[in-house]
$ cat work.txt   # compact mmCIF, N, CA, C and O atoms
# COMPACT_ATOMS: atom_id res chain seq x y z
N THR A 10 24.27 -13.99 19.46
CA THR A 10 23.58 -13.76 20.72
C THR A 10 24.56 -13.91 21.88
O THR A 10 24.50 -13.15 22.83
N GLU A 11 25.46 -14.88 21.80
CA GLU A 11 26.42 -15.08 22.88
C GLU A 11 27.34 -13.88 23.05
O GLU A 11 27.68 -13.51 24.17
N ILE A 12 27.73 -13.25 21.96
CA ILE A 12 28.58 -12.06 22.06
C ILE A 12 27.78 -10.89 22.62
O ILE A 12 28.28 -10.12 23.44
N ALA A 13 26.53 -10.77 22.20
CA ALA A 13 25.70 -9.66 22.64
C ALA A 13 25.41 -9.72 24.14
O ALA A 13 25.23 -8.69 24.78
N GLN A 14 25.37 -10.91 24.71
CA GLN A 14 25.00 -11.03 26.12
C GLN A 14 26.20 -11.07 27.07
O GLN A 14 26.04 -11.28 28.26
N LEU A 15 27.39 -10.78 26.56
CA LEU A 15 28.57 -10.78 27.42
C LEU A 15 28.48 -9.72 28.51
O LEU A 15 27.96 -8.62 28.30
N LYS A 16 29.03 -10.05 29.65
CA LYS A 16 29.18 -9.12 30.76
C LYS A 16 30.62 -8.61 30.76
O LYS A 16 31.53 -9.28 30.23
N VAL A 17 30.87 -7.47 31.37
CA VAL A 17 32.22 -6.92 31.43
C VAL A 17 33.18 -7.93 32.04
O VAL A 17 34.29 -8.14 31.54
N GLY A 18 32.75 -8.62 33.08
CA GLY A 18 33.60 -9.59 33.77
C GLY A 18 33.87 -10.86 32.99
O GLY A 18 34.68 -11.69 33.42
N ASP A 19 33.24 -11.02 31.84
CA ASP A 19 33.50 -12.20 31.01
C ASP A 19 34.79 -12.07 30.21
O ASP A 19 35.25 -13.02 29.59
N VAL A 20 35.37 -10.88 30.21
CA VAL A 20 36.68 -10.67 29.58
C VAL A 20 37.71 -10.74 30.70
O VAL A 20 37.70 -9.93 31.62
N ARG A 21 38.56 -11.76 30.64
CA ARG A 21 39.49 -12.01 31.74
C ARG A 21 40.87 -12.39 31.21
O ARG A 21 41.05 -12.66 30.03
N GLN A 22 41.79 -12.47 32.17
CA GLN A 22 43.14 -12.91 31.86
C GLN A 22 43.49 -14.09 32.76
O GLN A 22 43.22 -14.06 33.96
N GLY A 23 44.06 -15.12 32.17
CA GLY A 23 44.53 -16.27 32.92
C GLY A 23 45.82 -16.78 32.32
O GLY A 23 45.92 -16.91 31.10
N ASP A 24 46.81 -17.02 33.15
CA ASP A 24 48.12 -17.49 32.69
C ASP A 24 48.70 -16.56 31.62
O ASP A 24 49.32 -17.02 30.66
N GLY A 25 48.44 -15.25 31.76
CA GLY A 25 48.98 -14.27 30.82
C GLY A 25 48.24 -14.17 29.51
O GLY A 25 48.67 -13.45 28.61
N ILE A 26 47.13 -14.86 29.38
CA ILE A 26 46.36 -14.86 28.13
C ILE A 26 45.00 -14.21 28.38
O ILE A 26 44.27 -14.62 29.28
N TRP A 27 44.67 -13.21 27.58
CA TRP A 27 43.35 -12.59 27.65
C TRP A 27 42.37 -13.45 26.89
O TRP A 27 42.67 -13.94 25.79
N PHE A 28 41.18 -13.64 27.48
CA PHE A 28 40.17 -14.49 26.83
C PHE A 28 38.77 -13.99 27.17
O PHE A 28 38.58 -13.19 28.09
N ILE A 29 37.82 -14.47 26.39
CA ILE A 29 36.40 -14.22 26.65
C ILE A 29 35.80 -15.52 27.16
O ILE A 29 35.96 -16.57 26.54
N ASP A 30 35.13 -15.44 28.30
CA ASP A 30 34.49 -16.60 28.91
C ASP A 30 33.01 -16.60 28.54
O ASP A 30 32.23 -15.80 29.05
N PHE A 31 32.64 -17.47 27.62
CA PHE A 31 31.23 -17.60 27.23
C PHE A 31 30.57 -18.55 28.24
O PHE A 31 30.95 -19.71 28.35
N ASN A 32 29.61 -18.03 28.99
CA ASN A 32 28.97 -18.81 30.04
C ASN A 32 27.52 -18.36 30.20
O ASN A 32 27.07 -17.43 29.53
N ASP A 33 26.83 -19.00 31.10
CA ASP A 33 25.43 -18.62 31.38
C ASP A 33 25.26 -18.23 32.85
O ASP A 33 24.20 -18.40 33.43
N ALA A 34 26.33 -17.68 33.44
CA ALA A 34 26.32 -17.39 34.88
C ALA A 34 25.56 -16.13 35.25
O ALA A 34 25.05 -16.02 36.36
N GLY A 35 25.48 -15.15 34.36
CA GLY A 35 24.86 -13.88 34.71
C GLY A 35 23.41 -13.77 34.27
O GLY A 35 22.91 -14.59 33.49
N GLU A 36 22.76 -12.73 34.77
CA GLU A 36 21.38 -12.47 34.40
C GLU A 36 21.29 -12.24 32.89
O GLU A 36 22.06 -11.49 32.31
N GLY A 37 20.35 -12.92 32.26
CA GLY A 37 20.14 -12.76 30.83
C GLY A 37 21.12 -13.51 29.95
O GLY A 37 21.09 -13.37 28.74
N GLN A 38 22.00 -14.31 30.54
CA GLN A 38 22.96 -15.07 29.75
C GLN A 38 22.45 -16.50 29.58
O GLN A 38 22.13 -17.17 30.55
N ASN A 39 22.40 -16.92 28.33
CA ASN A 39 21.96 -18.28 28.00
C ASN A 39 22.89 -18.86 26.95
O ASN A 39 23.39 -18.14 26.10
N LEU A 40 23.08 -20.16 27.03
CA LEU A 40 23.85 -20.88 26.03
C LEU A 40 22.93 -21.87 25.33
O LEU A 40 21.95 -22.33 25.92
N LYS A 41 23.27 -22.21 24.10
CA LYS A 41 22.44 -23.17 23.36
C LYS A 41 22.45 -24.54 24.02
O LYS A 41 21.46 -25.24 24.03
N ASN A 42 23.61 -24.93 24.53
CA ASN A 42 23.75 -26.21 25.23
C ASN A 42 24.97 -26.16 26.13
O ASN A 42 25.73 -25.19 26.09
N LEU A 43 25.18 -27.17 26.94
CA LEU A 43 26.29 -27.17 27.90
C LEU A 43 27.65 -27.06 27.23
O LEU A 43 28.57 -26.44 27.76
N SER A 44 27.79 -27.66 26.04
CA SER A 44 29.09 -27.63 25.37
C SER A 44 29.39 -26.25 24.76
O SER A 44 30.50 -26.02 24.29
N SER A 45 28.42 -25.34 24.79
CA SER A 45 28.66 -23.99 24.29
C SER A 45 29.47 -23.15 25.28
O SER A 45 30.00 -22.10 24.91
N ALA A 46 29.58 -23.58 26.52
CA ALA A 46 30.41 -22.88 27.50
C ALA A 46 31.87 -23.09 27.11
O ALA A 46 32.33 -24.21 26.94
N ARG A 47 32.59 -21.98 26.95
CA ARG A 47 33.97 -22.08 26.50
C ARG A 47 34.72 -20.79 26.77
O ARG A 47 34.11 -19.75 26.97
N SER A 48 36.03 -20.87 26.74
CA SER A 48 36.89 -19.72 26.86
C SER A 48 37.61 -19.54 25.53
O SER A 48 38.23 -20.49 25.03
N VAL A 49 37.53 -18.33 24.97
CA VAL A 49 38.10 -18.06 23.65
C VAL A 49 39.18 -17.00 23.79
O VAL A 49 38.90 -15.89 24.25
N PRO A 50 40.43 -17.32 23.40
CA PRO A 50 41.50 -16.32 23.48
C PRO A 50 41.18 -15.11 22.59
O PRO A 50 40.58 -15.25 21.53
N ILE A 51 41.59 -13.94 23.05
CA ILE A 51 41.37 -12.72 22.29
C ILE A 51 42.57 -12.50 21.38
O ILE A 51 43.71 -12.46 21.84
N HIS A 52 42.32 -12.36 20.11
CA HIS A 52 43.39 -12.19 19.12
C HIS A 52 44.18 -10.92 19.40
O HIS A 52 43.62 -9.89 19.80
N ARG A 53 45.48 -10.98 19.19
CA ARG A 53 46.34 -9.84 19.48
C ARG A 53 45.98 -8.60 18.65
O ARG A 53 46.20 -7.48 19.08
N GLN A 54 45.42 -8.79 17.46
CA GLN A 54 45.01 -7.63 16.66
C GLN A 54 43.84 -6.91 17.32
O GLN A 54 43.77 -5.68 17.30
N LEU A 55 42.92 -7.66 17.90
CA LEU A 55 41.80 -7.06 18.61
C LEU A 55 42.30 -6.30 19.84
O LEU A 55 41.84 -5.20 20.14
N ILE A 56 43.28 -6.87 20.51
CA ILE A 56 43.89 -6.18 21.65
C ILE A 56 44.58 -4.91 21.16
O ILE A 56 44.43 -3.84 21.75
N GLY A 57 45.31 -5.01 20.05
CA GLY A 57 46.00 -3.86 19.48
C GLY A 57 45.06 -2.74 19.04
O GLY A 57 45.43 -1.57 19.04
N LEU A 58 43.85 -3.10 18.68
CA LEU A 58 42.85 -2.10 18.27
C LEU A 58 42.18 -1.42 19.46
O LEU A 58 41.36 -0.52 19.28
N GLY A 59 42.52 -1.85 20.69
CA GLY A 59 42.01 -1.18 21.87
C GLY A 59 40.85 -1.86 22.57
O GLY A 59 40.20 -1.25 23.43
N PHE A 60 40.60 -3.13 22.27
CA PHE A 60 39.48 -3.83 22.90
C PHE A 60 39.60 -3.85 24.42
O PHE A 60 38.63 -3.58 25.13
N LEU A 61 40.80 -4.12 24.94
CA LEU A 61 40.97 -4.17 26.39
C LEU A 61 40.81 -2.79 27.03
O LEU A 61 40.31 -2.67 28.15
N ASP A 62 41.19 -1.74 26.30
CA ASP A 62 40.95 -0.38 26.79
C ASP A 62 39.45 -0.14 26.91
O ASP A 62 38.98 0.43 27.90
N TYR A 63 38.69 -0.58 25.90
CA TYR A 63 37.24 -0.43 25.93
C TYR A 63 36.66 -1.17 27.14
O TYR A 63 35.83 -0.63 27.87
N VAL A 64 37.11 -2.40 27.35
CA VAL A 64 36.61 -3.21 28.47
C VAL A 64 36.93 -2.50 29.79
O VAL A 64 36.08 -2.42 30.69
N GLY A 65 38.14 -1.97 29.93
CA GLY A 65 38.52 -1.26 31.14
C GLY A 65 37.68 -0.01 31.38
O GLY A 65 37.25 0.25 32.50
N GLU A 66 37.43 0.74 30.32
CA GLU A 66 36.59 1.93 30.43
C GLU A 66 35.17 1.55 30.83
O GLU A 66 34.56 2.18 31.70
N ARG A 67 34.65 0.51 30.21
CA ARG A 67 33.29 0.06 30.51
C ARG A 67 33.20 -0.43 31.96
O ARG A 67 32.24 -0.13 32.67
N ALA A 68 34.21 -1.15 32.41
CA ALA A 68 34.23 -1.65 33.80
C ALA A 68 34.23 -0.48 34.78
O ALA A 68 33.57 -0.54 35.82
N GLY A 69 34.94 0.59 34.45
CA GLY A 69 34.99 1.75 35.32
C GLY A 69 33.66 2.49 35.40
O GLY A 69 33.33 3.10 36.40
N ARG A 70 32.87 2.38 34.33
CA ARG A 70 31.57 3.07 34.29
C ARG A 70 30.45 2.26 34.92
O ARG A 70 29.59 2.83 35.58
N VAL A 71 30.43 0.93 34.67
CA VAL A 71 29.26 0.16 35.08
C VAL A 71 29.55 -0.99 36.02
O VAL A 71 28.68 -1.42 36.75
N GLY A 72 30.71 -1.56 36.00
CA GLY A 72 31.03 -2.70 36.86
C GLY A 72 31.08 -4.03 36.12
O GLY A 72 30.60 -4.15 35.00
N GLU A 73 31.67 -5.00 36.77
CA GLU A 73 31.95 -6.31 36.17
C GLU A 73 30.70 -7.10 35.77
O GLU A 73 30.72 -7.87 34.83
N GLY A 74 29.61 -6.94 36.50
CA GLY A 74 28.42 -7.75 36.25
C GLY A 74 27.45 -7.15 35.26
O GLY A 74 26.41 -7.74 34.97
N ASP A 75 27.79 -5.99 34.70
CA ASP A 75 26.91 -5.34 33.74
C ASP A 75 27.27 -5.70 32.31
O ASP A 75 28.35 -6.23 32.04
N ALA A 76 26.38 -5.36 31.39
CA ALA A 76 26.56 -5.69 29.98
C ALA A 76 27.84 -5.06 29.42
O ALA A 76 28.14 -3.90 29.69
N LEU A 77 28.59 -5.84 28.65
CA LEU A 77 29.80 -5.33 28.00
C LEU A 77 29.43 -4.30 26.93
O LEU A 77 30.11 -3.31 26.76
N TRP A 78 28.35 -4.54 26.23
CA TRP A 78 27.90 -3.66 25.15
C TRP A 78 26.70 -2.86 25.66
O TRP A 78 25.68 -3.44 26.01
N PRO A 79 26.78 -1.53 25.70
CA PRO A 79 25.74 -0.74 26.36
C PRO A 79 24.34 -0.87 25.77
O PRO A 79 23.37 -0.64 26.48
N TYR A 80 24.20 -1.23 24.53
CA TYR A 80 22.85 -1.34 23.95
C TYR A 80 22.31 -2.76 23.98
O TYR A 80 21.27 -3.03 23.40
N PHE A 81 23.01 -3.66 24.65
CA PHE A 81 22.57 -5.05 24.72
C PHE A 81 22.28 -5.49 26.15
O PHE A 81 22.54 -6.62 26.52
N GLU A 82 21.72 -4.59 26.96
CA GLU A 82 21.27 -5.02 28.26
C GLU A 82 20.09 -5.98 28.07
O GLU A 82 19.40 -5.90 27.06
N PRO A 83 19.83 -6.89 29.02
CA PRO A 83 18.70 -7.81 28.87
C PRO A 83 17.38 -7.07 28.70
O PRO A 83 17.21 -5.99 29.27
N PRO A 84 16.46 -7.61 27.90
CA PRO A 84 16.56 -8.86 27.16
C PRO A 84 17.38 -8.69 25.88
O PRO A 84 17.16 -7.75 25.12
N VAL A 85 18.31 -9.58 25.66
CA VAL A 85 19.26 -9.49 24.57
C VAL A 85 18.70 -10.03 23.25
O VAL A 85 18.94 -9.47 22.19
N MET A 86 17.94 -11.11 23.30
CA MET A 86 17.55 -11.82 22.09
C MET A 86 16.95 -10.93 21.00
O MET A 86 17.42 -10.96 19.86
N PRO A 87 15.93 -10.11 21.27
CA PRO A 87 15.37 -9.32 20.17
C PRO A 87 16.36 -8.31 19.59
O PRO A 87 16.39 -8.06 18.38
N LYS A 88 17.22 -7.76 20.42
CA LYS A 88 18.22 -6.80 19.96
C LYS A 88 19.28 -7.49 19.11
O LYS A 88 19.72 -6.98 18.09
N ALA A 89 19.69 -8.68 19.54
CA ALA A 89 20.71 -9.42 18.79
C ALA A 89 20.16 -9.87 17.44
O ALA A 89 20.87 -9.81 16.43
N LYS A 90 18.91 -10.30 17.40
CA LYS A 90 18.31 -10.70 16.12
C LYS A 90 18.24 -9.51 15.16
O LYS A 90 18.54 -9.65 13.97
N ALA A 91 17.86 -8.34 15.66
CA ALA A 91 17.78 -7.15 14.81
C ALA A 91 19.16 -6.78 14.28
O ALA A 91 19.33 -6.45 13.10
N TRP A 92 20.19 -6.86 15.14
CA TRP A 92 21.55 -6.54 14.71
C TRP A 92 22.03 -7.54 13.66
O TRP A 92 22.64 -7.17 12.66
N THR A 93 21.75 -8.82 13.86
CA THR A 93 22.16 -9.84 12.91
C THR A 93 21.53 -9.61 11.54
O THR A 93 22.19 -9.74 10.51
N LYS A 94 20.27 -9.23 11.52
CA LYS A 94 19.60 -8.93 10.24
C LYS A 94 20.27 -7.74 9.56
O LYS A 94 20.53 -7.76 8.36
N TRP A 95 20.54 -6.68 10.35
CA TRP A 95 21.20 -5.51 9.78
C TRP A 95 22.57 -5.89 9.22
O TRP A 95 22.92 -5.52 8.10
N PHE A 96 23.35 -6.65 9.98
CA PHE A 96 24.69 -7.02 9.54
C PHE A 96 24.63 -7.89 8.29
O PHE A 96 25.45 -7.74 7.39
N SER A 97 23.68 -8.79 8.21
CA SER A 97 23.54 -9.65 7.03
C SER A 97 23.28 -8.81 5.78
O SER A 97 23.85 -9.07 4.71
N ARG A 98 22.43 -7.80 5.91
CA ARG A 98 22.18 -6.90 4.77
C ARG A 98 23.45 -6.13 4.41
O ARG A 98 23.80 -6.01 3.24
N TYR A 99 24.14 -5.61 5.41
CA TYR A 99 25.38 -4.88 5.18
C TYR A 99 26.40 -5.78 4.48
O TYR A 99 27.05 -5.38 3.51
N LEU A 100 26.54 -6.99 4.97
CA LEU A 100 27.49 -7.94 4.42
C LEU A 100 27.21 -8.20 2.94
O LEU A 100 28.10 -8.12 2.10
N SER A 101 25.96 -8.47 2.62
CA SER A 101 25.63 -8.78 1.22
C SER A 101 25.75 -7.57 0.31
O SER A 101 26.10 -7.70 -0.85
N ASP A 102 25.50 -6.37 0.84
CA ASP A 102 25.58 -5.16 0.02
C ASP A 102 27.00 -4.63 -0.15
O ASP A 102 27.31 -4.02 -1.17
N HIS A 103 27.89 -4.87 0.82
CA HIS A 103 29.18 -4.20 0.80
C HIS A 103 30.41 -5.09 0.90
O HIS A 103 31.52 -4.60 0.66
N VAL A 104 30.25 -6.35 1.27
CA VAL A 104 31.44 -7.14 1.57
C VAL A 104 31.59 -8.37 0.68
O VAL A 104 32.65 -8.59 0.11
N VAL A 105 30.57 -9.18 0.56
CA VAL A 105 30.72 -10.45 -0.16
C VAL A 105 30.02 -10.40 -1.51
O VAL A 105 29.11 -9.61 -1.73
N ASP A 106 30.45 -11.28 -2.38
CA ASP A 106 29.85 -11.32 -3.72
C ASP A 106 29.00 -12.56 -3.95
O ASP A 106 28.53 -12.80 -5.05
N ARG A 107 28.80 -13.37 -2.89
CA ARG A 107 27.95 -14.57 -3.00
C ARG A 107 26.99 -14.63 -1.83
O ARG A 107 27.37 -14.40 -0.68
N GLN A 108 25.75 -14.97 -2.12
CA GLN A 108 24.75 -15.06 -1.05
C GLN A 108 25.01 -16.23 -0.12
O GLN A 108 24.47 -16.27 0.98
N SER A 109 25.84 -17.18 -0.53
CA SER A 109 26.13 -18.32 0.34
C SER A 109 26.97 -17.90 1.54
O SER A 109 27.05 -18.63 2.52
N LYS A 110 27.60 -16.74 1.47
CA LYS A 110 28.37 -16.22 2.59
C LYS A 110 27.40 -15.49 3.54
O LYS A 110 26.71 -14.58 3.12
N THR A 111 27.41 -15.90 4.80
CA THR A 111 26.47 -15.34 5.76
C THR A 111 27.20 -14.80 6.97
O THR A 111 28.43 -14.90 7.07
N PHE A 112 26.45 -14.29 7.92
CA PHE A 112 27.00 -13.80 9.18
C PHE A 112 27.90 -14.83 9.83
O PHE A 112 28.97 -14.51 10.33
N HIS A 113 27.50 -16.08 9.81
CA HIS A 113 28.25 -17.14 10.49
C HIS A 113 29.40 -17.68 9.65
O HIS A 113 30.18 -18.50 10.13
N SER A 114 29.53 -17.26 8.42
CA SER A 114 30.66 -17.70 7.58
C SER A 114 31.95 -17.11 8.12
O SER A 114 33.01 -17.56 7.88

$ encode --input "work.txt" --output "structure tokens"
Amino acid sequence: TEIAQLKVGDVRQGDGIWFIDFNDAGEGQNLKNLSSARSVPIHRQLIGLGFLDYVGERAGRVGEGDALWPYFEPPVMPKAKAWTKWFSRYLSDHVVDRQSKTFHS
């Protein structure tokens, strides 16, 4: 849910490091608790795959305060739950060989 509710402006650079700022500052953004607020560095492989290009393109189309993912505009929760269910089925059918492995694994 936290990834689904990201805004374009939540992807930032500080001290030369690109990161995602998980916060509850924007409309429709909620965290489970205060300690869930955090900044997570973006892995160089994700950058190499064009993630920052995607963020730049999205920013040019909608602006910093809009949803990073076009199909996850608020309300996010029902859409995120549906996606998680789909991904869990995909994972068990195509990726893992044990049911103990889940989306959060």

$ residues_around --input "work.txt" --residues "Val20 (chain A)" --least-positions-apart "4" --cutoff "8 Å" --atoms "only C-alpha atoms" --output "number ranges by chain"
A: 16, 27-30, 64

$ closest_residue --input "work.txt" --among "A:Pro84, A:Asp62, A:Asp75, A:Phe31" --to "Arg47 (chain A)" --atoms "all atoms listed in the file"
A:Phe31

$ select_by_dssp --input "work.txt" --residues "chain A" --states "strand (DSSP E)" --output "list in words"
Val20, Arg21, Gln22, Gly23, Ile26, Trp27, Phe28, Ile29, Asp30, Phe31, Arg47, Ser48, Val49 and Pro50 of chain A

$ atom_distance --input "work.txt" --atom1 "CA of Phe96 (chain A)" --atom2 "CA of Ser109 (chain A)"
14.6 Å

$ atom_distance --input "work.txt" --atom1 "CA of Asn32 (chain A)" --atom2 "CA of Leu100 (chain A)"
27.9 Å

$ closest_residue --input "work.txt" --among "A:Gly18, A:Pro87, A:Ala13, A:Ser44" --to "Gly69 (chain A)" --atoms "only C-alpha atoms"
A:Gly18

$ residues_around --input "work.txt" --residues "Ala89 (chain A)" --least-positions-apart "5" --cutoff "8 Å" --atoms "only N, CA, C and O atoms" --output "PyMOL selection string"
chain A and resi 10-11+13-14+80-81+84+94-96

$ write_last_selection --input "work.txt" --atoms "N, CA, C and O atoms" --output "PDB file, in the coordinates of the input"
ATOM      1  N   THR A  10      24.270 -13.990  19.460  1.00  0.00           N
ATOM      2  CA  THR A  10      23.580 -13.760  20.720  1.00  0.00           C
ATOM      3  C   THR A  10      24.560 -13.910  21.880  1.00  0.00           C
ATOM      4  O   THR A  10      24.500 -13.150  22.830  1.00  0.00           O
ATOM      5  N   GLU A  11      25.460 -14.880  21.800  1.00  0.00           N
ATOM      6  CA  GLU A  11      26.420 -15.080  22.880  1.00  0.00           C
ATOM      7  C   GLU A  11      27.340 -13.880  23.050  1.00  0.00           C
ATOM      8  O   GLU A  11      27.680 -13.510  24.170  1.00  0.00           O
ATOM      9  N   ALA A  13      26.530 -10.770  22.200  1.00  0.00           N
ATOM     10  CA  ALA A  13      25.700  -9.660  22.640  1.00  0.00           C
ATOM     11  C   ALA A  13      25.410  -9.720  24.140  1.00  0.00           C
ATOM     12  O   ALA A  13      25.230  -8.690  24.780  1.00  0.00           O
ATOM     13  N   GLN A  14      25.370 -10.910  24.710  1.00  0.00           N
ATOM     14  CA  GLN A  14      25.000 -11.030  26.120  1.00  0.00           C
ATOM     15  C   GLN A  14      26.200 -11.070  27.070  1.00  0.00           C
ATOM     16  O   GLN A  14      26.040 -11.280  28.260  1.00  0.00           O
ATOM     17  N   TYR A  80      24.200  -1.230  24.530  1.00  0.00           N
ATOM     18  CA  TYR A  80      22.850  -1.340  23.950  1.00  0.00           C
ATOM     19  C   TYR A  80      22.310  -2.760  23.980  1.00  0.00           C
ATOM     20  O   TYR A  80      21.270  -3.030  23.400  1.00  0.00           O
ATOM     21  N   PHE A  81      23.010  -3.660  24.650  1.00  0.00           N
ATOM     22  CA  PHE A  81      22.570  -5.050  24.720  1.00  0.00           C
ATOM     23  C   PHE A  81      22.280  -5.490  26.150  1.00  0.00           C
ATOM     24  O   PHE A  81      22.540  -6.620  26.520  1.00  0.00           O
ATOM     25  N   PRO A  84      16.460  -7.610  27.900  1.00  0.00           N
ATOM     26  CA  PRO A  84      16.560  -8.860  27.160  1.00  0.00           C
ATOM     27  C   PRO A  84      17.380  -8.690  25.880  1.00  0.00           C
ATOM     28  O   PRO A  84      17.160  -7.750  25.120  1.00  0.00           O
ATOM     29  N   LYS A  94      20.270  -9.230  11.520  1.00  0.00           N
ATOM     30  CA  LYS A  94      19.600  -8.930  10.240  1.00  0.00           C
ATOM     31  C   LYS A  94      20.270  -7.740   9.560  1.00  0.00           C
ATOM     32  O   LYS A  94      20.530  -7.760   8.360  1.00  0.00           O
ATOM     33  N   TRP A  95      20.540  -6.680  10.350  1.00  0.00           N
ATOM     34  CA  TRP A  95      21.200  -5.510   9.780  1.00  0.00           C
ATOM     35  C   TRP A  95      22.570  -5.890   9.220  1.00  0.00           C
ATOM     36  O   TRP A  95      22.920  -5.520   8.100  1.00  0.00           O
ATOM     37  N   PHE A  96      23.350  -6.650   9.980  1.00  0.00           N
ATOM     38  CA  PHE A  96      24.690  -7.020   9.540  1.00  0.00           C
ATOM     39  C   PHE A  96      24.630  -7.890   8.290  1.00  0.00           C
ATOM     40  O   PHE A  96      25.450  -7.740   7.390  1.00  0.00           O
TER      41      PHE A  96
END

$ closest_residue --input "work.txt" --among "A:Ile12, A:Gly57, A:Thr111, A:Ile26" --to "Asn39 (chain A)" --atoms "only N, CA, C and O atoms"
A:Ile12
